[in-house]
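Novice: Here you go, query-v9.txt (compact mmCIF, C-alpha atoms):
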# COMPACT_ATOMS: atom_id res chain seq x y z
CA MET A 555 -2.45 25.96 -6.92
CA VAL A 556 -3.34 22.85 -4.93
CA VAL A 557 -3.52 19.41 -6.59
CA ILE A 558 -4.62 16.20 -4.86
CA LEU A 559 -2.75 13.31 -6.41
CA ASP A 560 -5.44 10.92 -7.68
CA HIS A 561 -3.46 8.43 -9.82
CA GLU A 562 -5.48 9.26 -12.93
CA VAL A 563 -4.33 10.38 -16.37
CA ASP A 564 -6.34 13.62 -16.16
CA GLU A 565 -4.63 14.55 -12.90
CA ALA A 566 -1.19 13.78 -14.33
CA LEU A 567 -1.86 15.99 -17.37
CA LYS A 568 -3.21 18.73 -15.13
CA ILE A 569 -0.02 18.70 -13.05
CA ARG A 570 2.26 18.76 -16.09
CA HIS A 571 0.30 21.61 -17.68
CA SER A 572 0.42 23.54 -14.40
CA VAL A 573 4.19 23.15 -14.13
CA VAL A 574 4.62 24.45 -17.67
CA ASP A 575 2.27 27.36 -16.93
CA LEU A 576 4.28 28.32 -13.86
CA PHE A 577 7.50 28.43 -15.87
CA GLU A 578 5.77 30.49 -18.55
CA ARG A 579 4.54 33.01 -15.98
CA ALA A 580 7.90 33.13 -14.20
CA SER A 581 9.69 33.87 -17.48
CA LEU A 582 7.99 37.26 -17.86
CA PRO A 583 10.77 39.91 -17.81
CA SER A 584 8.80 42.38 -15.68
CA LEU A 585 8.18 39.89 -12.85
CA PRO A 586 10.07 40.55 -9.57
CA VAL A 587 12.57 37.94 -8.38
CA GLU A 588 10.54 37.11 -5.26
CA GLU A 589 7.48 36.41 -7.38
CA LYS A 590 9.54 34.14 -9.65
CA LYS A 591 10.73 32.19 -6.58
CA LYS A 592 7.17 31.85 -5.30
CA LEU A 593 5.84 30.60 -8.63
CA LEU A 594 8.64 28.03 -8.91
CA SER A 595 8.27 26.78 -5.35
CA PHE A 596 6.78 23.26 -5.46
CA VAL A 597 5.58 21.67 -2.20
CA VAL A 598 4.82 17.95 -1.94
CA VAL A 599 2.90 16.89 1.16
CA GLY A 600 3.47 13.28 2.21
CA GLY A 601 6.68 11.27 2.40
CA GLY A 602 5.26 7.90 1.40
CA PRO A 603 6.15 6.05 -1.82
CA THR A 604 3.83 8.21 -3.97
CA GLY A 605 5.02 11.53 -2.56
CA VAL A 606 8.69 10.55 -2.77
CA GLU A 607 8.37 9.26 -6.34
CA PHE A 608 6.50 12.39 -7.40
CA ALA A 609 9.09 14.70 -5.82
CA ALA A 610 11.88 12.77 -7.55
CA GLU A 611 10.16 12.79 -10.95
CA LEU A 612 9.31 16.49 -10.60
CA HIS A 613 12.96 17.21 -9.81
CA ASP A 614 14.10 15.33 -12.92
CA PHE A 615 11.47 16.97 -15.14
CA VAL A 616 12.27 20.48 -13.93
CA LEU A 617 16.08 20.23 -13.96
CA GLU A 618 16.57 17.94 -16.97
CA ASP A 619 13.89 19.28 -19.30
CA MET A 620 12.32 22.55 -18.22
CA ALA A 621 15.70 24.03 -17.31
CA LYS A 622 16.81 23.60 -20.93
CA LEU A 623 13.85 25.64 -22.13
CA TYR A 624 14.13 28.23 -19.35
CA PRO A 625 17.82 28.27 -18.32
CA SER A 626 17.50 31.63 -16.56
CA LEU A 627 14.91 30.21 -14.13
CA LYS A 628 16.84 27.15 -12.97
CA ASP A 629 18.21 28.82 -9.82
CA TYR A 630 14.74 29.92 -8.71
CA VAL A 631 13.28 26.40 -8.56
CA LYS A 632 12.75 24.87 -5.13
CA ILE A 633 11.10 21.56 -4.27
CA THR A 634 10.01 20.97 -0.66
CA LEU A 635 8.78 17.65 0.74
CA LEU A 636 6.78 17.82 3.98
CA GLU A 637 6.48 14.68 6.10
CA ALA A 638 4.79 14.55 9.52
CA GLY A 639 6.76 11.46 10.59
CA ASP A 640 10.39 11.05 11.55
CA HIS A 641 11.46 9.69 8.17
CA ILE A 642 10.29 9.42 4.59
CA LEU A 643 9.46 5.95 3.25
CA ASN A 644 8.96 4.76 6.83
CA MET A 645 7.39 1.50 5.62
CA PHE A 646 10.70 0.54 3.95
CA ASP A 647 13.92 -0.77 5.46
CA LYS A 648 16.03 1.74 7.38
CA ARG A 649 18.81 1.49 4.77
CA ILE A 650 16.45 2.62 2.01
CA THR A 651 15.08 5.44 4.13
CA GLU A 652 18.56 6.78 4.88
CA PHE A 653 19.67 6.52 1.25
CA ALA A 654 16.55 8.34 0.01
CA GLU A 655 16.99 11.19 2.49
CA GLN A 656 20.68 11.56 1.61
CA LYS A 657 19.97 11.50 -2.12
CA PHE A 658 17.26 14.14 -1.82
CA ALA A 659 19.68 16.30 0.18
CA ARG A 660 22.26 15.98 -2.62
CA ASP A 661 19.63 16.79 -5.24
CA GLY A 662 18.59 19.94 -3.40
CA ILE A 663 15.12 18.68 -2.45
CA ASP A 664 14.27 20.22 0.91
CA VAL A 665 12.93 17.38 3.09
CA ARG A 666 11.24 18.65 6.25
CA LEU A 667 10.55 15.88 8.71
CA GLY A 668 8.17 16.24 11.62
CA SER A 669 6.24 18.95 9.75
CA MET A 670 2.47 18.74 10.03
CA VAL A 671 0.43 20.85 7.63
CA VAL A 672 -2.13 23.03 9.41
CA LYS A 673 -3.31 25.24 6.55
CA VAL A 674 -3.10 25.34 2.77
CA GLY A 675 -3.68 28.70 1.15
CA GLU A 676 -3.72 29.86 -2.45
CA ASN A 677 -0.24 31.37 -2.18
CA GLU A 678 1.35 29.71 0.85
CA ILE A 679 1.21 26.56 2.95
CA THR A 680 1.55 26.58 6.73
CA ALA A 681 3.12 23.75 8.72
CA LYS A 682 3.90 23.18 12.39
CA GLU A 683 7.30 21.70 13.25
CA ARG A 684 6.92 19.03 15.90
CA ALA A 685 10.42 19.44 17.38
CA SER A 686 10.26 23.18 18.03
CA GLY A 687 6.52 23.84 17.92
CA GLN A 688 7.24 26.64 15.47
CA VAL A 689 4.70 27.44 12.77
CA VAL A 690 6.28 28.21 9.39
CA SER A 691 4.76 29.43 6.13
CA ILE A 692 6.13 28.42 2.74
CA PRO A 693 5.19 30.44 -0.38
CA HIS A 694 4.28 28.16 -3.27
CA GLY A 695 3.25 28.05 -6.87
CA MET A 696 1.93 24.51 -6.53
CA VAL A 697 1.08 22.13 -3.70
CA VAL A 698 0.65 18.42 -4.41
CA TRP A 699 -1.19 16.53 -1.67
CA SER A 700 -0.14 12.89 -1.38
CA THR A 701 -0.91 11.72 2.15
CA GLY A 702 -3.31 8.84 1.61
CA ILE A 703 -6.44 7.82 -0.25
CA GLY A 704 -10.09 8.77 -0.04
CA ALA A 705 -13.21 7.03 -1.26
CA ARG A 706 -14.83 8.06 -4.53
CA PRO A 707 -18.25 9.77 -4.27
CA GLU A 708 -19.95 6.69 -5.74
CA VAL A 709 -18.35 4.47 -3.10
CA VAL A 710 -19.29 6.87 -0.29
CA GLU A 711 -22.92 6.84 -1.42
CA PHE A 712 -22.92 3.04 -1.59
CA MET A 713 -21.43 2.85 1.91
CA LYS A 714 -24.28 5.01 3.20
CA GLN A 715 -26.83 2.66 1.63
CA LEU A 716 -25.19 -0.28 3.41
CA GLY A 717 -24.97 1.54 6.72
CA GLN A 718 -21.17 1.56 6.66
CA VAL A 719 -20.82 5.11 7.95
CA ASN A 720 -17.67 6.74 9.35
CA ARG A 721 -15.52 4.44 7.25
CA ARG A 722 -12.71 5.29 4.84
CA ALA A 723 -13.40 2.28 2.62
CA LEU A 724 -15.92 -0.48 2.02
CA VAL A 725 -15.67 -3.25 4.57
CA THR A 726 -15.47 -6.79 3.20
CA ASP A 727 -15.02 -10.22 4.72
CA GLU A 728 -12.01 -12.44 4.04
CA TRP A 729 -13.60 -13.58 0.76
CA LEU A 730 -13.81 -9.93 -0.47
CA ARG A 731 -17.60 -9.97 -0.16
CA VAL A 732 -18.99 -6.61 0.97
CA GLU A 733 -20.43 -6.84 4.47
CA GLY A 734 -24.18 -6.34 4.41
CA SER A 735 -24.59 -7.94 0.98
CA ASP A 736 -24.64 -11.46 -0.45
CA ASN A 737 -23.29 -11.11 -3.97
CA ILE A 738 -21.36 -7.83 -4.11
CA TYR A 739 -17.56 -7.96 -4.01
CA ALA A 740 -15.02 -5.16 -3.65
CA LEU A 741 -11.27 -5.07 -4.16
CA GLY A 742 -8.41 -2.59 -4.36
CA ASP A 743 -8.22 0.82 -2.72
CA CYS A 744 -11.99 1.14 -2.28
CA ALA A 745 -12.16 -1.75 0.18
CA THR A 746 -10.61 -3.06 3.38
CA ILE A 747 -10.82 -6.59 4.76
CA ASN A 748 -12.40 -7.01 8.18
CA GLN A 749 -10.36 -9.96 9.39
CA ARG A 750 -12.11 -11.70 12.27
CA ARG A 751 -10.21 -11.92 15.54
CA VAL A 752 -9.42 -15.31 17.03
CA MET A 753 -10.60 -14.16 20.46
CA GLU A 754 -14.03 -13.29 19.02
CA ASP A 755 -14.50 -16.91 18.01
CA ILE A 756 -12.41 -18.67 20.66
CA ALA A 757 -15.40 -20.35 22.30
CA VAL A 758 -16.86 -21.72 19.05
CA ILE A 759 -13.40 -22.84 17.86
CA PHE A 760 -12.94 -24.81 21.08
CA SER A 761 -16.46 -26.20 20.85
CA LYS A 762 -15.97 -27.31 17.22
CA ALA A 763 -12.71 -29.05 18.11
CA ASP A 764 -14.14 -30.70 21.25
CA LYS A 765 -16.02 -33.42 19.41
CA ASN A 766 -16.87 -35.50 22.47
CA ASN A 767 -18.03 -32.43 24.46
CA SER A 768 -15.67 -33.24 27.32
CA GLY A 769 -14.68 -29.64 27.92
CA LYS A 770 -11.06 -30.51 27.15
CA LEU A 771 -8.98 -30.98 24.01
CA ASP A 772 -6.46 -33.73 23.50
CA LEU A 773 -3.70 -33.59 20.88
CA LYS A 774 -5.66 -35.55 18.26
CA GLU A 775 -8.73 -33.32 18.51
CA PHE A 776 -6.54 -30.26 18.33
CA LYS A 777 -4.66 -31.48 15.26
CA ASP A 778 -7.95 -32.12 13.46
CA VAL A 779 -8.76 -28.39 13.40
CA VAL A 780 -5.34 -26.73 13.50
CA GLY A 781 -5.14 -26.44 9.70
CA ASP A 782 -8.56 -24.80 9.54
CA ILE A 783 -7.61 -22.36 12.31
CA ILE A 784 -4.46 -21.24 10.51
CA GLU A 785 -6.29 -20.93 7.18
CA ARG A 786 -9.25 -19.03 8.68
CA TYR A 787 -7.15 -16.75 10.89
CA PRO A 788 -3.88 -15.80 9.09
CA GLN A 789 -2.66 -13.87 12.14
CA VAL A 790 -2.02 -17.23 13.82
CA ASP A 791 0.49 -18.25 11.14
CA ILE A 792 2.17 -14.82 11.28
CA TYR A 793 2.46 -15.06 15.05
CA LEU A 794 4.00 -18.53 14.86
CA LYS A 795 6.61 -17.45 12.30
CA LYS A 796 7.44 -14.22 14.12
CA ASN A 797 8.04 -16.11 17.35
CA GLN A 798 9.87 -18.95 15.57
CA MET A 799 7.37 -21.60 16.63
CA ARG A 800 7.16 -24.76 14.59
CA ASP A 801 3.45 -25.43 15.03
CA MET A 802 0.36 -24.77 17.14
CA ALA A 803 1.50 -27.25 19.77
CA SER A 804 4.46 -24.96 20.40
CA LEU A 805 2.04 -22.06 20.81
CA LEU A 806 0.19 -24.03 23.48
CA LYS A 807 3.53 -24.45 25.26
CA LYS A 808 2.91 -28.16 25.57
CA SER A 809 5.02 -31.09 24.53
CA GLN A 810 4.31 -33.13 21.43
CA GLU A 811 3.26 -36.11 23.51
CA SER A 812 -0.11 -37.63 22.70
CA ASN A 813 -1.48 -37.16 26.21
CA ILE A 814 -1.51 -33.35 26.28
CA ILE A 815 -4.87 -31.95 27.32
CA VAL A 816 -5.96 -28.30 27.49
CA ASP A 817 -9.15 -26.70 28.71
CA ILE A 818 -10.93 -23.59 27.40
CA GLU A 819 -9.17 -21.21 29.79
CA TYR A 820 -5.71 -22.44 28.84
CA PHE A 821 -6.74 -22.32 25.18
CA LYS A 822 -7.77 -18.67 25.56
CA GLU A 823 -4.55 -17.75 27.34
CA ALA A 824 -2.37 -19.40 24.69
CA LEU A 825 -4.10 -17.56 21.82
CA SER A 826 -4.61 -14.24 23.61
CA LYS A 827 -1.69 -12.46 21.88
CA VAL A 828 -2.26 -13.81 18.36
CA ASP A 829 -4.58 -10.98 17.27
CA SER A 830 -1.80 -8.43 17.83
CA GLN A 831 -0.41 -9.49 14.43
CA MET A 832 -3.47 -8.24 12.52
CA LYS A 833 -2.66 -5.55 9.96
CA ASN A 834 -4.59 -3.86 7.17
CA LEU A 835 -3.33 -4.58 3.67
CA PRO A 836 -1.53 -1.69 1.95
CA ALA A 837 -3.47 0.23 -0.70
CA THR A 838 -1.20 -0.81 -3.57
CA ALA A 839 -1.65 -2.14 -7.08
CA GLN A 840 0.04 -5.37 -6.01
CA VAL A 841 -2.74 -6.11 -3.53
CA ALA A 842 -5.49 -5.20 -6.02
CA ALA A 843 -3.94 -7.37 -8.75
CA GLN A 844 -3.79 -10.42 -6.47
CA GLN A 845 -7.37 -9.81 -5.34
CA GLY A 846 -8.50 -9.64 -8.96
CA VAL A 847 -6.85 -12.97 -9.77
CA TYR A 848 -8.37 -14.51 -6.62
CA LEU A 849 -11.92 -13.36 -7.42
CA ALA A 850 -11.67 -14.44 -11.06
CA ASP A 851 -10.62 -17.92 -9.94
CA CYS A 852 -13.48 -18.07 -7.41
CA PHE A 853 -16.08 -16.98 -9.97
CA ASN A 854 -14.81 -19.48 -12.54
CA ARG A 855 -15.07 -22.36 -10.05
CA MET A 856 -18.16 -21.26 -8.14
CA GLU A 857 -20.40 -24.09 -9.33
CA GLU A 858 -17.73 -26.70 -8.64
CA CYS A 859 -17.02 -25.37 -5.14
CA GLU A 860 -20.72 -25.30 -4.30
CA LYS A 861 -20.66 -29.11 -4.64
CA TYR A 862 -17.18 -29.66 -3.21
CA PRO A 863 -16.27 -26.86 -0.76
CA GLU A 864 -12.54 -26.35 -0.33
CA GLY A 865 -12.45 -23.66 2.35
CA PRO A 866 -11.88 -23.98 6.11
CA LEU A 867 -14.46 -25.17 8.62
CA ARG A 868 -17.36 -22.88 9.40
CA PHE A 869 -16.69 -22.44 13.12
CA ARG A 870 -19.98 -20.56 13.52
CA GLY A 871 -21.97 -22.80 11.19
CA VAL A 872 -22.11 -26.19 9.54
CA GLY A 873 -19.80 -27.60 6.90
CA ARG A 874 -17.04 -25.73 5.11
CA HIS A 875 -16.71 -22.42 3.32
CA ARG A 876 -16.89 -22.65 -0.47
CA PHE A 877 -13.49 -21.08 -1.07
CA ARG A 878 -10.28 -20.51 0.78
CA PRO A 879 -10.11 -16.93 2.07
CA PHE A 880 -7.98 -14.41 0.22
CA ARG A 881 -4.34 -14.36 1.27
CA TYR A 882 -1.99 -11.61 0.20
CA ARG A 883 1.53 -12.63 -0.76
CA HIS A 884 3.98 -9.76 -0.57
CA LEU A 885 6.38 -9.88 -3.53
CA GLY A 886 8.43 -6.82 -2.61
CA GLN A 887 8.21 -3.10 -3.26
CA PHE A 888 10.06 -0.46 -5.26
CA ALA A 889 10.69 3.22 -4.59
CA PRO A 890 11.90 5.21 -7.63
CA LEU A 891 14.16 8.01 -6.34
CA GLY A 892 14.90 9.91 -9.56
CA GLY A 893 18.15 10.25 -11.46
CA GLU A 894 17.75 6.71 -12.81
CA GLN A 895 18.05 5.29 -9.29
CA THR A 896 15.54 3.08 -7.51
CA ALA A 897 15.42 1.30 -4.17
CA ALA A 898 13.91 -2.17 -3.84
CA GLN A 899 12.96 -4.24 -0.81
CA LEU A 900 12.24 -7.82 -1.80
CA PRO A 901 11.29 -10.94 0.17
CA GLY A 902 14.09 -12.45 2.25
CA ASP A 903 15.26 -9.03 3.48
CA TRP A 904 17.00 -8.43 0.15
CA ILE A 905 17.75 -4.71 -0.33
CA SER A 906 18.95 -3.27 -3.62
CA ILE A 907 19.61 0.39 -4.38
CA GLY A 908 20.98 2.16 -7.43
CA GLN A 909 20.87 2.22 -11.21
CA SER A 910 20.84 -1.56 -11.57
CA THR A 911 17.66 -1.61 -9.46
CA GLN A 912 16.16 0.98 -11.80
CA TRP A 913 16.56 -1.46 -14.67
CA LEU A 914 15.02 -4.19 -12.53
CA TRP A 915 12.08 -1.83 -11.94
CA TYR A 916 11.80 -1.23 -15.71
CA SER A 917 11.66 -5.00 -16.26
CA VAL A 918 9.03 -5.62 -13.60
CA TYR A 919 6.91 -2.65 -14.72
CA THR A 920 7.00 -3.84 -18.33
CA SER A 921 6.11 -7.42 -17.41
CA LYS A 922 3.02 -6.21 -15.51
CA GLN A 923 1.46 -4.60 -18.59
CA VAL A 924 -1.70 -6.29 -19.82
CA SER A 925 -0.60 -6.92 -23.42
CA TRP A 926 2.41 -6.90 -25.70
CA ARG A 927 1.02 -3.77 -27.35
CA THR A 928 1.13 -1.80 -24.11
CA ARG A 929 4.58 -3.22 -23.33
CA PHE A 930 5.95 -1.92 -26.64
CA LEU A 931 4.24 1.44 -26.10
CA VAL A 932 5.72 1.85 -22.63
CA VAL A 933 9.22 0.83 -23.69
CA GLY A 934 8.93 3.11 -26.74
CA ASP A 935 7.94 6.01 -24.50
CA TRP A 936 10.97 5.40 -22.28
CA GLY A 937 13.17 5.28 -25.37
CA ARG A 938 11.86 8.62 -26.65
CA ARG A 939 12.44 10.15 -23.23
CA PHE A 940 16.05 8.96 -23.15
CA ILE A 941 16.71 10.42 -26.61
CA PHE A 942 14.55 13.55 -26.78
CA GLY A 943 13.66 14.26 -23.15
CA ARG A 944 10.23 14.54 -21.55
CA ASP A 945 7.34 16.20 -23.36
CA SER A 946 6.78 19.74 -22.10
CA SER A 947 3.94 20.64 -24.46
CA LYS A 948 0.26 20.94 -23.56
CA ILE A 949 -0.94 18.60 -26.27
Translate this structure into structure tokens?

Specialist:
Amino acid sequence: MVVILDHEVDEALKIRHSVVDLFERASLPSLPVEEKKKLLSFVVVGGGPTGVEFAAELHDFVLEDMAKLYPSLKDYVKITLLEAGDHILNMFDKRITEFAEQKFARDGIDVRLGSMVVKVGENEITAKERASGQVVSIPHGMVVWSTGIGARPEVVEFMKQLGQVNRRALVTDEWLRVEGSDNIYALGDCATINQRRVMEDIAVIFSKADKNNSGKLDLKEFKDVVGDIIERYPQVDIYLKKNQMRDMASLLKKSQESNIIVDIEYFKEALSKVDSQMKNLPATAQVAAQQGVYLADCFNRMEECEKYPEGPLRFRGVGRHRFRPFRYRHLGQFAPLGGEQTAAQLPGDWISIGQSTQWLWYSVYTSKQVSWRTRFLVVGDWGRRFIFGRDSSKI
């Protein structure tokens, strides 16, 4: 059986029911041992946060709960995690990656790095090992595919209507407005922000700053637009921080004296490497939540901002943008690793791993619920799991 992880309740129930079904089938006395091993072979494709968390939760569910109901089948269970890269959780700090790989090895989860899936069949999955070039087949009872996201059919159809073909998500501008429309906004996994490059607008930026049309910028003219440049093009601020530069004058490699003057060619050269810092935002709930708050604030103040725009200068137009563009603020990320252990990477290069981090994750997860009712329900569910174990019924 092949399941594509879709982050929906129906998919979660389908997976749990399938796991229970596989144990039921494997418990038949007349079934050969090899068939039992095949049925209880679970393969997870993708070593990102979702794939790792699923493999860890599946391990806990199988060995802590299902093994109590089917003790004779415990030794036949095998969980394999296939990752095409060199490490799992490669977007996390190296310390977290190493700890996760070591923990999975202790737990008996077979992590195969550098394994690229080439074929998924009903009874086996085939992968090519990058190091040796060898093609191996793994019998399975279930394959869970967790290697990225895909657009919903409704979104794909809408993209076709807008002419956004050969895209994985809706393209929006920095204000989350869908490109090709005036009043349609998109946020979350279904959209990606098309951040404009500085070098695309370098000539109009210089022209807007050069108020006396002299063909050169002095320090005062430059300082008048530097705030708008940083706000409109966030890659500039990232580049300055990464290279430990105090301000844009440092980027221009000029002194702070009032008589500095640069022309368009020098301006282009100084900003030529800034666009290398552009990155797509991760498809996480944290990004979507911040985008939702941003749009709600914009909609609530739309009439006010029409009269008193607060955004940066329109370098290709007149006046200012109504709103400041959306800016994502990374607040850290968690990676549950099973066995009541979690890894966390928080701002300031703070790394925390272990059971204490699991409780921190519980606290954060609870605080993010939309109401006190859902908070009590979630905490109550965790309490029942601690006392009675996970539900293995099909209800």

Novice: What does the distance from atom CA of Gly781 of chain A to atom CA of Leu724 of chain A come to in Å, to one decimal?

Specialist: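 So the answer is 29.1 Å.
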
Novice: Fewer than 6 positions away in the same chain doesn't count, so skip those; otherwise give me all residues within 9 Å of segment 886-898 of chain A, counting only C-alpha atoms, as a ChimeraX atom specification.

Specialist: /A:603-604,606-614,643,646,650,653-654,657-658,840,904-915

Novice: Can you list, as a PyMOL selection string, every protein, DNA or RNA residue that comes within 10 Å of Leu635 of chain A when you count only C-alpha atoms, leaving out same-chain residues fewer than 6 positions away?

Specialist: chain A and resi 596-601+605-606+608-609+642+658+663-667+669+697-698

Novice: Looking at all atoms listed in the file, which of A:Trp926, A:Tyr882, A:Tyr862, A:Phe877 is the one that sits closest to Ala843 of chain A?

Specialist: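 Under the stated criterion, the closest residue is A:Tyr882.
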
Novice: So which residues are close to (-13.6, -24.2, 29.9), meaning at most 8 Å away in the file's coordinates with all atoms listed in the file counted, and can you show them as a ChimeraX atom specification?

Specialist: /A:769-770,817-819

Novice: Using the selection just defined, write its residues with C-alpha atoms as a PDB file, in the frame of the given file.

Specialist:
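What landed in selection_30.pdb:
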ATOM      1  CA  GLY A 769     -14.680 -29.640  27.920  1.00  0.00           C
ATOM      2  CA  LYS A 770     -11.060 -30.510  27.150  1.00  0.00           C
ATOM      3  CA  ASP A 817      -9.150 -26.700  28.710  1.00  0.00           C
ATOM      4  CA  ILE A 818     -10.930 -23.590  27.400  1.00  0.00           C
ATOM      5  CA  GLU A 819      -9.170 -21.210  29.790  1.00  0.00           C
TER       6      GLU A 819
END

Novice: Got a sec to check which residues sit within 12 Å of (3.9, -17.5, 11.1), counting all atoms listed in the file, and write them as a list in words?

Specialist: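 Looking at atoms near the point gives Ile784, Glu785, Tyr787, Pro788, Gln789, Val790, Asp791, Ile792, Tyr793, Leu794, Lys795, Lys796, Asn797, Gln798, Met799, Arg800, Asp801, Met802, Ser804, Leu805, Val828, Gln831 and Met832 of chain A.
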
Novice: Between A:Arg751, A:Ser584, A:Val816, A:Arg938, which is the closest to Phe776 of chain A once you count only C-alpha atoms?

Specialist: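 Of all the options, A:Val816 lies closest to Phe776 of chain A.
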
Novice: In Å, with one decimal, what is the gap from atom CA of Asp736 of chain A to atom CA of Leu867 of chain A?

Specialist: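 Between atom CA of Asp736 of chain A and atom CA of Leu867 of chain A the gap works out to 19.3 Å.
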
Novice: Can you list, as a VMD selection string, every protein, DNA or RNA residue that comes within 9 Å of Arg881 of chain A when you count only C-alpha atoms, leaving out same-chain residues fewer than 4 positions away?

Specialist: chain A and resid 728 788 844 to 845 848

Novice: Quick one: pull the distance between atom CA of Met645 of chain A and atom CA of Val725 of chain A, Å, one decimal.

Specialist: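 One can read the atom CA of Met645 of chain A to atom CA of Val725 of chain A distance as 23.6 Å.
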